[in-house]
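A short worksheet on the structure shown next.
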Amino acid sequence: MGYFRIFAAIPGFFLSSFFVMLLWGVIAPKVGVDTISYTWAMLVTLTLWLAVAPLAAVAGKRHD
């Protein structure tokens with residue numbers, strides 16, 4: 001079942017990247033930094049997912 005979860009996460013990745021790009025575009029001018037493209041938003045999202053995935057895996061394990 002693990003492979004199907006990976007395939008189910010693919011649309012979520014692209015949608016998350018789109019939201020990161022949109023939110024960055026709203027916040028960036030107020031902070032004084034440049035906006036980012038969709039490809040940079042994908043890189044930011046991938047970095048965040050790689051940082052959070054091990055934490056989520058540990059939190060999801062049950063201690064019986």
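Lettering and numbering for the structure tokens are positional, with chains as A, B, ... in the shown order, residues counted from 1 in each chain, and ligands counted from 1 in the shown order.
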- [ ] With a distance cut-off of 10 Å and only C-alpha atoms, select the neighbouring residues of Phe18 (chain A), excluding the residue or stretch itself and same-chain residues fewer than 4 positions from it, and output the selection as a PyMOL selection string.
- [x] chain A and resi 12-14+22-24+37-39+41-42+45
For the selection you just gave me, I'd like the residues written to a file as a JSON list (two decimals), in the first residue's frame, keeping N, CA and C atoms.
[["chain", "number", "residue", "atom", "x", "y", "z"],
["A", 12, "GLY", "N", -0.87, 16.44, -4.54],
["A", 12, "GLY", "CA", -0.72, 17.32, -3.38],
["A", 12, "GLY", "C", 0.57, 18.12, -3.43],
["A", 13, "PHE", "N", 1.62, 17.51, -3.97],
["A", 13, "PHE", "CA", 2.89, 18.22, -4.10],
["A", 13, "PHE", "C", 2.75, 19.41, -5.04],
["A", 14, "PHE", "N", 2.14, 19.19, -6.20],
["A", 14, "PHE", "CA", 1.99, 20.27, -7.16],
["A", 14, "PHE", "C", 1.06, 21.36, -6.64],
["A", 22, "LEU", "N", 1.91, 31.30, -4.59],
["A", 22, "LEU", "CA", 0.93, 32.36, -4.39],
["A", 22, "LEU", "C", 1.15, 33.11, -3.08],
["A", 23, "LEU", "N", 1.36, 32.37, -2.01],
["A", 23, "LEU", "CA", 1.55, 33.02, -0.72],
["A", 23, "LEU", "C", 2.86, 33.80, -0.66],
["A", 24, "TRP", "N", 3.90, 33.27, -1.28],
["A", 24, "TRP", "CA", 5.17, 33.98, -1.34],
["A", 24, "TRP", "C", 4.99, 35.29, -2.11],
["A", 37, "SER", "N", 9.37, 31.95, -8.80],
["A", 37, "SER", "CA", 8.63, 31.28, -9.87],
["A", 37, "SER", "C", 8.07, 29.96, -9.34],
["A", 38, "TYR", "N", 7.29, 29.31, -10.18],
["A", 38, "TYR", "CA", 6.69, 28.03, -9.79],
["A", 38, "TYR", "C", 7.76, 26.97, -9.57],
["A", 39, "THR", "N", 8.80, 26.98, -10.38],
["A", 39, "THR", "CA", 9.86, 25.97, -10.21],
["A", 39, "THR", "C", 10.59, 26.18, -8.89],
["A", 41, "ALA", "N", 9.21, 27.50, -6.27],
["A", 41, "ALA", "CA", 8.23, 27.09, -5.26],
["A", 41, "ALA", "C", 8.23, 25.57, -5.11],
["A", 42, "MET", "N", 8.43, 24.86, -6.23],
["A", 42, "MET", "CA", 8.53, 23.40, -6.15],
["A", 42, "MET", "C", 9.76, 22.99, -5.34],
["A", 45, "THR", "N", 8.99, 23.62, -1.68],
["A", 45, "THR", "CA", 8.04, 22.60, -1.20],
["A", 45, "THR", "C", 8.73, 21.26, -1.01]]
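Distance check against Ala9 (chain A) using only C-alpha atoms: of A:Ile36, A:Ala59, A:Ala53, A:Leu43, the minimum falls on A:Ala53.
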Could you write out, as a short mmCIF file (atom, residue, chain, number, x, y, z; two decimals) with C-alpha atoms, in the first residue's frame, all the residues of chain A that DSSP marks as helix (DSSP H, G or I)?
data_model
loop_
_atom_site.label_atom_id
_atom_site.label_comp_id
_atom_site.auth_asym_id
_atom_site.auth_seq_id
_atom_site.Cartn_x
_atom_site.Cartn_y
_atom_site.Cartn_z
CA GLY A 2 2.99 2.35 0.40
CA TYR A 3 3.44 2.84 -3.33
CA PHE A 4 -0.15 3.95 -3.76
CA ARG A 5 0.31 6.56 -1.04
CA ILE A 6 3.28 7.96 -2.94
CA PHE A 7 1.19 8.24 -6.10
CA ALA A 8 -1.61 9.87 -4.12
CA ALA A 9 0.82 12.50 -2.79
CA ILE A 10 1.91 13.67 -6.26
CA PRO A 11 -1.09 15.96 -6.91
CA GLY A 12 -0.72 17.32 -3.38
CA PHE A 13 2.89 18.22 -4.10
CA PHE A 14 1.99 20.27 -7.16
CA LEU A 15 -0.91 21.94 -5.37
CA SER A 16 1.30 22.71 -2.37
CA SER A 17 3.90 24.24 -4.69
CA PHE A 18 1.24 26.41 -6.27
CA PHE A 19 0.08 27.63 -2.85
CA VAL A 20 3.67 28.36 -1.80
CA MET A 21 4.15 30.43 -4.97
CA LEU A 22 0.93 32.36 -4.39
CA LEU A 23 1.55 33.02 -0.72
CA TRP A 24 5.17 33.98 -1.34
CA GLY A 25 3.96 36.44 -3.97
CA VAL A 26 1.66 38.09 -1.44
CA ILE A 27 4.15 38.21 1.44
CA ALA A 28 7.38 38.95 -0.46
CA PRO A 29 6.68 42.59 -1.43
CA LYS A 30 5.73 43.44 2.16
CA VAL A 31 8.97 41.95 3.48
CA TYR A 38 6.69 28.03 -9.79
CA THR A 39 9.86 25.97 -10.21
CA TRP A 40 11.44 27.68 -7.19
CA ALA A 41 8.23 27.09 -5.26
CA MET A 42 8.53 23.40 -6.15
CA LEU A 43 12.08 23.39 -4.75
CA VAL A 44 10.93 25.07 -1.53
CA THR A 45 8.04 22.60 -1.20
CA LEU A 46 10.30 19.61 -1.83
CA THR A 47 12.75 20.85 0.78
CA LEU A 48 9.99 21.28 3.33
CA TRP A 49 8.52 17.87 2.54
CA LEU A 50 11.93 16.21 2.95
CA ALA A 51 12.38 17.92 6.30
CA VAL A 52 8.89 17.09 7.59
CA ALA A 53 8.48 13.55 6.21
CA PRO A 54 10.77 11.84 8.76
CA LEU A 55 9.05 13.69 11.59
CA ALA A 56 5.63 12.64 10.30
CA ALA A 57 6.80 9.03 9.94
CA VAL A 58 8.02 8.93 13.53
CA ALA A 59 4.86 10.60 14.81
CA GLY A 60 2.73 8.16 12.83
#
